[in-house]
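Student: Structure file model-v5.txt, compact mmCIF, N, CA and C atoms and all ligand atoms, is pasted below:
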# COMPACT_ATOMS: atom_id res chain seq x y z
N MET P 8 39.40 23.06 -28.66
CA MET P 8 39.12 21.75 -29.21
C MET P 8 37.83 21.20 -28.60
N VAL P 9 36.76 21.43 -29.31
CA VAL P 9 35.45 20.98 -28.82
C VAL P 9 34.60 20.53 -30.01
N PHE P 10 33.64 19.68 -29.69
CA PHE P 10 32.58 19.38 -30.65
C PHE P 10 31.48 20.41 -30.44
N HIS P 11 31.04 20.99 -31.53
CA HIS P 11 30.01 22.01 -31.41
C HIS P 11 28.91 21.75 -32.43
N PRO P 12 27.68 21.48 -31.98
CA PRO P 12 27.29 21.38 -30.57
C PRO P 12 27.77 20.06 -29.97
N ALA P 13 27.94 20.03 -28.68
CA ALA P 13 28.45 18.82 -28.02
C ALA P 13 27.38 17.73 -27.98
N SER P 14 26.13 18.14 -27.93
CA SER P 14 25.03 17.17 -27.88
C SER P 14 24.01 17.49 -28.95
N ILE P 15 23.61 16.46 -29.69
CA ILE P 15 22.53 16.66 -30.64
C ILE P 15 21.56 15.50 -30.55
N GLU P 16 20.34 15.78 -31.01
CA GLU P 16 19.30 14.76 -31.06
C GLU P 16 18.87 14.67 -32.52
N VAL P 17 18.84 13.44 -33.04
CA VAL P 17 18.48 13.25 -34.44
C VAL P 17 17.46 12.13 -34.57
N LYS P 18 16.90 12.01 -35.76
CA LYS P 18 15.93 10.95 -36.03
C LYS P 18 16.62 9.84 -36.80
N PRO P 19 16.11 8.60 -36.68
CA PRO P 19 16.68 7.52 -37.49
C PRO P 19 16.64 7.91 -38.97
N GLY P 20 17.72 7.68 -39.66
CA GLY P 20 17.81 8.04 -41.07
C GLY P 20 18.47 9.38 -41.31
N ASP P 21 18.55 10.22 -40.27
CA ASP P 21 19.23 11.51 -40.42
C ASP P 21 20.72 11.30 -40.64
N GLN P 22 21.31 12.22 -41.40
CA GLN P 22 22.75 12.19 -41.58
C GLN P 22 23.39 13.22 -40.67
N VAL P 23 24.37 12.77 -39.92
CA VAL P 23 25.10 13.65 -39.01
C VAL P 23 26.48 13.90 -39.63
N VAL P 24 26.81 15.18 -39.79
CA VAL P 24 28.08 15.54 -40.43
C VAL P 24 28.99 16.22 -39.42
N TRP P 25 30.20 15.70 -39.31
CA TRP P 25 31.23 16.37 -38.51
C TRP P 25 32.17 17.09 -39.47
N ARG P 26 32.33 18.38 -39.27
CA ARG P 26 33.24 19.17 -40.09
C ARG P 26 34.41 19.60 -39.22
N ASN P 27 35.59 19.33 -39.69
CA ASN P 27 36.78 19.72 -38.94
C ASN P 27 37.21 21.12 -39.36
N LYS P 28 36.93 22.09 -38.51
CA LYS P 28 37.31 23.47 -38.79
C LYS P 28 38.59 23.85 -38.05
N ASP P 29 39.27 22.85 -37.53
CA ASP P 29 40.51 23.08 -36.78
C ASP P 29 41.71 22.90 -37.71
N VAL P 30 42.90 23.07 -37.16
CA VAL P 30 44.13 22.94 -37.96
C VAL P 30 44.84 21.61 -37.70
N VAL P 31 44.24 20.76 -36.87
CA VAL P 31 44.79 19.44 -36.60
C VAL P 31 43.69 18.39 -36.80
N PRO P 32 44.08 17.12 -37.04
CA PRO P 32 43.06 16.08 -37.25
C PRO P 32 42.29 15.75 -35.97
N HIS P 33 41.06 15.29 -36.15
CA HIS P 33 40.23 14.82 -35.04
C HIS P 33 39.46 13.59 -35.51
N THR P 34 38.88 12.89 -34.54
CA THR P 34 37.97 11.80 -34.87
C THR P 34 36.66 11.98 -34.10
N ALA P 35 35.63 11.30 -34.56
CA ALA P 35 34.40 11.15 -33.80
C ALA P 35 34.22 9.65 -33.64
N THR P 36 34.43 9.16 -32.43
CA THR P 36 34.51 7.72 -32.20
C THR P 36 33.58 7.30 -31.06
N ALA P 37 32.58 6.52 -31.39
CA ALA P 37 31.68 5.91 -30.40
C ALA P 37 31.89 4.41 -30.52
N LYS P 38 32.64 3.84 -29.61
CA LYS P 38 33.04 2.43 -29.72
C LYS P 38 31.83 1.54 -29.99
N GLY P 39 31.95 0.73 -31.04
CA GLY P 39 30.89 -0.21 -31.38
C GLY P 39 29.73 0.38 -32.13
N VAL P 40 29.75 1.70 -32.32
CA VAL P 40 28.62 2.35 -33.00
C VAL P 40 29.09 3.05 -34.28
N PHE P 41 30.05 3.96 -34.12
CA PHE P 41 30.62 4.59 -35.30
C PHE P 41 32.05 5.04 -35.01
N ASP P 42 32.81 5.18 -36.08
CA ASP P 42 34.19 5.67 -35.93
C ASP P 42 34.59 6.36 -37.22
N SER P 43 34.81 7.63 -37.13
CA SER P 43 35.13 8.40 -38.33
C SER P 43 36.53 8.10 -38.86
N GLY P 44 37.41 7.58 -37.98
CA GLY P 44 38.82 7.61 -38.34
C GLY P 44 39.29 9.05 -38.33
N SER P 45 40.49 9.28 -38.78
CA SER P 45 41.06 10.62 -38.73
C SER P 45 40.37 11.53 -39.74
N ILE P 46 39.83 12.65 -39.24
CA ILE P 46 39.24 13.66 -40.13
C ILE P 46 40.26 14.79 -40.24
N ALA P 47 40.78 14.97 -41.43
CA ALA P 47 41.81 15.99 -41.64
C ALA P 47 41.22 17.39 -41.54
N PRO P 48 42.04 18.37 -41.25
CA PRO P 48 41.56 19.76 -41.25
C PRO P 48 40.87 20.09 -42.57
N GLY P 49 39.72 20.72 -42.47
CA GLY P 49 38.97 21.11 -43.66
C GLY P 49 38.10 20.02 -44.24
N LYS P 50 38.21 18.81 -43.68
CA LYS P 50 37.42 17.69 -44.21
C LYS P 50 36.22 17.43 -43.31
N SER P 51 35.32 16.55 -43.80
CA SER P 51 34.16 16.20 -43.00
C SER P 51 33.91 14.71 -43.09
N TRP P 52 33.03 14.24 -42.22
CA TRP P 52 32.66 12.83 -42.19
C TRP P 52 31.19 12.74 -41.81
N THR P 53 30.50 11.82 -42.49
CA THR P 53 29.05 11.71 -42.31
C THR P 53 28.67 10.34 -41.79
N TRP P 54 27.77 10.32 -40.84
CA TRP P 54 27.24 9.06 -40.29
C TRP P 54 25.72 9.12 -40.36
N LYS P 55 25.13 8.02 -40.81
CA LYS P 55 23.68 7.96 -40.89
C LYS P 55 23.13 7.27 -39.65
N ALA P 56 22.28 7.97 -38.94
CA ALA P 56 21.72 7.43 -37.69
C ALA P 56 20.75 6.30 -38.00
N LYS P 57 20.88 5.22 -37.27
CA LYS P 57 19.92 4.14 -37.41
C LYS P 57 19.60 3.56 -36.04
N GLY P 58 18.38 3.10 -35.89
CA GLY P 58 17.97 2.58 -34.60
C GLY P 58 17.91 3.68 -33.56
N LYS P 59 17.71 3.26 -32.33
CA LYS P 59 17.63 4.22 -31.25
C LYS P 59 18.82 4.05 -30.34
N GLY P 60 19.14 5.10 -29.63
CA GLY P 60 20.23 4.99 -28.68
C GLY P 60 20.79 6.35 -28.33
N ARG P 61 21.59 6.34 -27.28
CA ARG P 61 22.28 7.56 -26.85
C ARG P 61 23.76 7.23 -26.93
N HIS P 62 24.44 7.82 -27.89
CA HIS P 62 25.81 7.44 -28.19
C HIS P 62 26.80 8.53 -27.75
N GLY P 63 27.51 8.24 -26.69
CA GLY P 63 28.60 9.12 -26.30
C GLY P 63 29.79 8.86 -27.21
N TYR P 64 30.50 9.91 -27.61
CA TYR P 64 31.65 9.72 -28.48
C TYR P 64 32.80 10.65 -28.06
N VAL P 65 33.98 10.30 -28.52
CA VAL P 65 35.18 11.09 -28.19
C VAL P 65 36.02 11.27 -29.44
N CYS P 66 36.98 12.17 -29.33
CA CYS P 66 38.07 12.22 -30.29
C CYS P 66 39.19 11.37 -29.69
N VAL P 67 39.66 10.37 -30.43
CA VAL P 67 40.68 9.48 -29.85
C VAL P 67 42.01 10.20 -29.64
N TYR P 68 42.22 11.31 -30.34
CA TYR P 68 43.47 12.05 -30.16
C TYR P 68 43.41 12.98 -28.96
N HIS P 69 42.20 13.43 -28.64
CA HIS P 69 42.02 14.44 -27.59
C HIS P 69 40.86 13.98 -26.70
N PRO P 70 41.15 13.14 -25.70
CA PRO P 70 40.07 12.52 -24.91
C PRO P 70 39.18 13.53 -24.17
N GLY P 71 39.62 14.77 -24.10
CA GLY P 71 38.76 15.79 -23.49
C GLY P 71 37.65 16.25 -24.41
N MET P 72 37.75 15.88 -25.69
CA MET P 72 36.70 16.23 -26.65
C MET P 72 35.64 15.14 -26.60
N ILE P 73 34.48 15.49 -26.06
CA ILE P 73 33.41 14.51 -25.95
C ILE P 73 32.11 15.09 -26.48
N GLY P 74 31.26 14.20 -26.94
CA GLY P 74 29.96 14.61 -27.45
C GLY P 74 28.96 13.48 -27.33
N THR P 75 27.72 13.81 -27.63
CA THR P 75 26.65 12.82 -27.57
C THR P 75 25.72 12.99 -28.76
N VAL P 76 25.40 11.87 -29.41
CA VAL P 76 24.35 11.85 -30.42
C VAL P 76 23.23 10.97 -29.88
N SER P 77 22.07 11.57 -29.71
CA SER P 77 20.92 10.82 -29.22
C SER P 77 19.95 10.57 -30.36
N VAL P 78 19.50 9.33 -30.44
CA VAL P 78 18.45 8.96 -31.39
C VAL P 78 17.29 8.42 -30.55
N PRO P 79 16.41 9.31 -30.10
CA PRO P 79 15.37 8.90 -29.15
C PRO P 79 14.25 8.08 -29.81
CU CU O 1 40.69 15.76 -31.59
Can you present the structure in this file as structure tokens?
Ligand SMILES: [Cu+2]

Tutor:
Amino acid sequence: MVFHPASIEVKPGDQVVWRNKDVVPHTATAKGVFDSGSIAPGKSWTWKAKGKGRHGYVCVYHPGMIGTVSVP
């Protein structure tokens, strides 16, 4: 249970897609920035980067799953 890649760097306006290739639901949640809600197995969720920032995020179901989206 990992985000792959765990860290990415994107430009403002880029779309970041999380695809759940696992057999259980996951989320991509950066409090106050974005929250996918539950992403079912086989589904995906897209977030459009805006502004600058370094956003750490977790899966709320599996707190060991962490990642970072940087918009430098
Ligand atoms: Cu999870």

Student: To one decimal in Å, tell me the separation between CA of Val23 (chain P) and CA of Cys66 (chain P).

Tutor: 15.7 Å

Student: Closest to Lys18 (chain P) among P:Ala47, P:Val65, P:Ile73, P:Ala56, using only C-alpha atoms?

Tutor: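 Closest candidate: P:Ala56.
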
Student: Could you make a table, as CSV, of the residues of chain P that have an atom within 7 Å of an atom of ligand CU 1 (chain O), each with its nearest atom pair and distance in Å to one decimal, counting all atoms listed in the file, in chain and number order?

Tutor:
residue,atom,partner,partner_atom,distance
P:Met8,CA,O:CU1,CU,6.6
P:Val31,C,O:CU1,CU,6.6
P:Pro32,C,O:CU1,CU,4.7
P:His33,CA,O:CU1,CU,3.6
P:Thr34,N,O:CU1,CU,4.5
P:Val65,C,O:CU1,CU,6.8
P:Cys66,CA,O:CU1,CU,4.6
P:Val67,N,O:CU1,CU,5.6
P:Tyr68,C,O:CU1,CU,4.7
P:His69,N,O:CU1,CU,4.1
P:Pro70,N,O:CU1,CU,6.5
P:Met72,CA,O:CU1,CU,6.4

Student: How many Å separate atom C of Asn27 (chain P) from atom C of Ala13 (chain P)?

Tutor: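 Interatomic distance, atom C of Asn27 (chain P) to atom C of Ala13 (chain P): 15.4 Å.
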
Student: For a test of reading the model, state the distance in Å between CA of Ser43 (chain P) and CA of Trp25 (chain P), rounded to one decimal.

Tutor: 8.9 Å

Student: Please determine, counting all atoms listed in the file, which residue among P:Tyr64, P:Ala35, P:Lys55, P:Val40 has the shortest atom-to-atom distance to Gln22 (chain P).

Tutor: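 So, comparing all the options, the nearest one is P:Lys55.
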
Student: Taking the DSSP assignment computed from this structure's backbone, write out as a PyMOL selection string all residues of chain P that belong to strand (DSSP E).

Tutor: chain P and resi 14-16+22-26+36-37+41-42+51-55+60-65+73-78

Student: Would you mind exporting the chosen residues as a short mmCIF file (atom, residue, chain, number, x, y, z; two decimals), in the frame of the given file, restricted to N, CA and C atoms?

Tutor:
data_model
loop_
_atom_site.label_atom_id
_atom_site.label_comp_id
_atom_site.auth_asym_id
_atom_site.auth_seq_id
_atom_site.Cartn_x
_atom_site.Cartn_y
_atom_site.Cartn_z
N SER P 14 26.13 18.14 -27.93
CA SER P 14 25.03 17.17 -27.88
C SER P 14 24.01 17.49 -28.95
N ILE P 15 23.61 16.46 -29.69
CA ILE P 15 22.53 16.66 -30.64
C ILE P 15 21.56 15.50 -30.55
N GLU P 16 20.34 15.78 -31.01
CA GLU P 16 19.30 14.76 -31.06
C GLU P 16 18.87 14.67 -32.52
N GLN P 22 21.31 12.22 -41.40
CA GLN P 22 22.75 12.19 -41.58
C GLN P 22 23.39 13.22 -40.67
N VAL P 23 24.37 12.77 -39.92
CA VAL P 23 25.10 13.65 -39.01
C VAL P 23 26.48 13.90 -39.63
N VAL P 24 26.81 15.18 -39.79
CA VAL P 24 28.08 15.54 -40.43
C VAL P 24 28.99 16.22 -39.42
N TRP P 25 30.20 15.70 -39.31
CA TRP P 25 31.23 16.37 -38.51
C TRP P 25 32.17 17.09 -39.47
N ARG P 26 32.33 18.38 -39.27
CA ARG P 26 33.24 19.17 -40.09
C ARG P 26 34.41 19.60 -39.22
N THR P 36 34.43 9.16 -32.43
CA THR P 36 34.51 7.72 -32.20
C THR P 36 33.58 7.30 -31.06
N ALA P 37 32.58 6.52 -31.39
CA ALA P 37 31.68 5.91 -30.40
C ALA P 37 31.89 4.41 -30.52
N PHE P 41 30.05 3.96 -34.12
CA PHE P 41 30.62 4.59 -35.30
C PHE P 41 32.05 5.04 -35.01
N ASP P 42 32.81 5.18 -36.08
CA ASP P 42 34.19 5.67 -35.93
C ASP P 42 34.59 6.36 -37.22
N SER P 51 35.32 16.55 -43.80
CA SER P 51 34.16 16.20 -43.00
C SER P 51 33.91 14.71 -43.09
N TRP P 52 33.03 14.24 -42.22
CA TRP P 52 32.66 12.83 -42.19
C TRP P 52 31.19 12.74 -41.81
N THR P 53 30.50 11.82 -42.49
CA THR P 53 29.05 11.71 -42.31
C THR P 53 28.67 10.34 -41.79
N TRP P 54 27.77 10.32 -40.84
CA TRP P 54 27.24 9.06 -40.29
C TRP P 54 25.72 9.12 -40.36
N LYS P 55 25.13 8.02 -40.81
CA LYS P 55 23.68 7.96 -40.89
C LYS P 55 23.13 7.27 -39.65
N GLY P 60 19.14 5.10 -29.63
CA GLY P 60 20.23 4.99 -28.68
C GLY P 60 20.79 6.35 -28.33
N ARG P 61 21.59 6.34 -27.28
CA ARG P 61 22.28 7.56 -26.85
C ARG P 61 23.76 7.23 -26.93
N HIS P 62 24.44 7.82 -27.89
CA HIS P 62 25.81 7.44 -28.19
C HIS P 62 26.80 8.53 -27.75
N GLY P 63 27.51 8.24 -26.69
CA GLY P 63 28.60 9.12 -26.30
C GLY P 63 29.79 8.86 -27.21
N TYR P 64 30.50 9.91 -27.61
CA TYR P 64 31.65 9.72 -28.48
C TYR P 64 32.80 10.65 -28.06
N VAL P 65 33.98 10.30 -28.52
CA VAL P 65 35.18 11.09 -28.19
C VAL P 65 36.02 11.27 -29.44
N ILE P 73 34.48 15.49 -26.06
CA ILE P 73 33.41 14.51 -25.95
C ILE P 73 32.11 15.09 -26.48
N GLY P 74 31.26 14.20 -26.94
CA GLY P 74 29.96 14.61 -27.45
C GLY P 74 28.96 13.48 -27.33
N THR P 75 27.72 13.81 -27.63
CA THR P 75 26.65 12.82 -27.57
C THR P 75 25.72 12.99 -28.76
N VAL P 76 25.40 11.87 -29.41
CA VAL P 76 24.35 11.85 -30.42
C VAL P 76 23.23 10.97 -29.88
N SER P 77 22.07 11.57 -29.71
CA SER P 77 20.92 10.82 -29.22
C SER P 77 19.95 10.57 -30.36
N VAL P 78 19.50 9.33 -30.44
CA VAL P 78 18.45 8.96 -31.39
C VAL P 78 17.29 8.42 -30.55
#

Student: Extract, using all atoms listed in the file, all DNA, RNA and protein residues at most 6.5 Å from region 60-63 of chain P, discarding same-chain residues fewer than 2 positions from it, and format them as a list of chain:residue names.

Tutor: P:Thr36, P:Ala37, P:Lys38, P:Gly58, P:Val65, P:Gly74, P:Thr75, P:Val76, P:Ser77, P:Val78, P:Pro79

Student: For Gly49 (chain P), which residue out of P:Gly71, P:Val17, P:Arg26, P:Val9 is the nearest one, using all atoms listed in the file?

Tutor: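 Closest candidate: P:Arg26.
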
Student: Just checking: using only N, CA and C atoms, which residue out of P:Pro19, P:Trp54, P:Pro12, P:Asp29 ends up closest to Asp42 (chain P)?

Tutor: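 That would be P:Trp54, the residue with the smallest distance to Asp42 (chain P).
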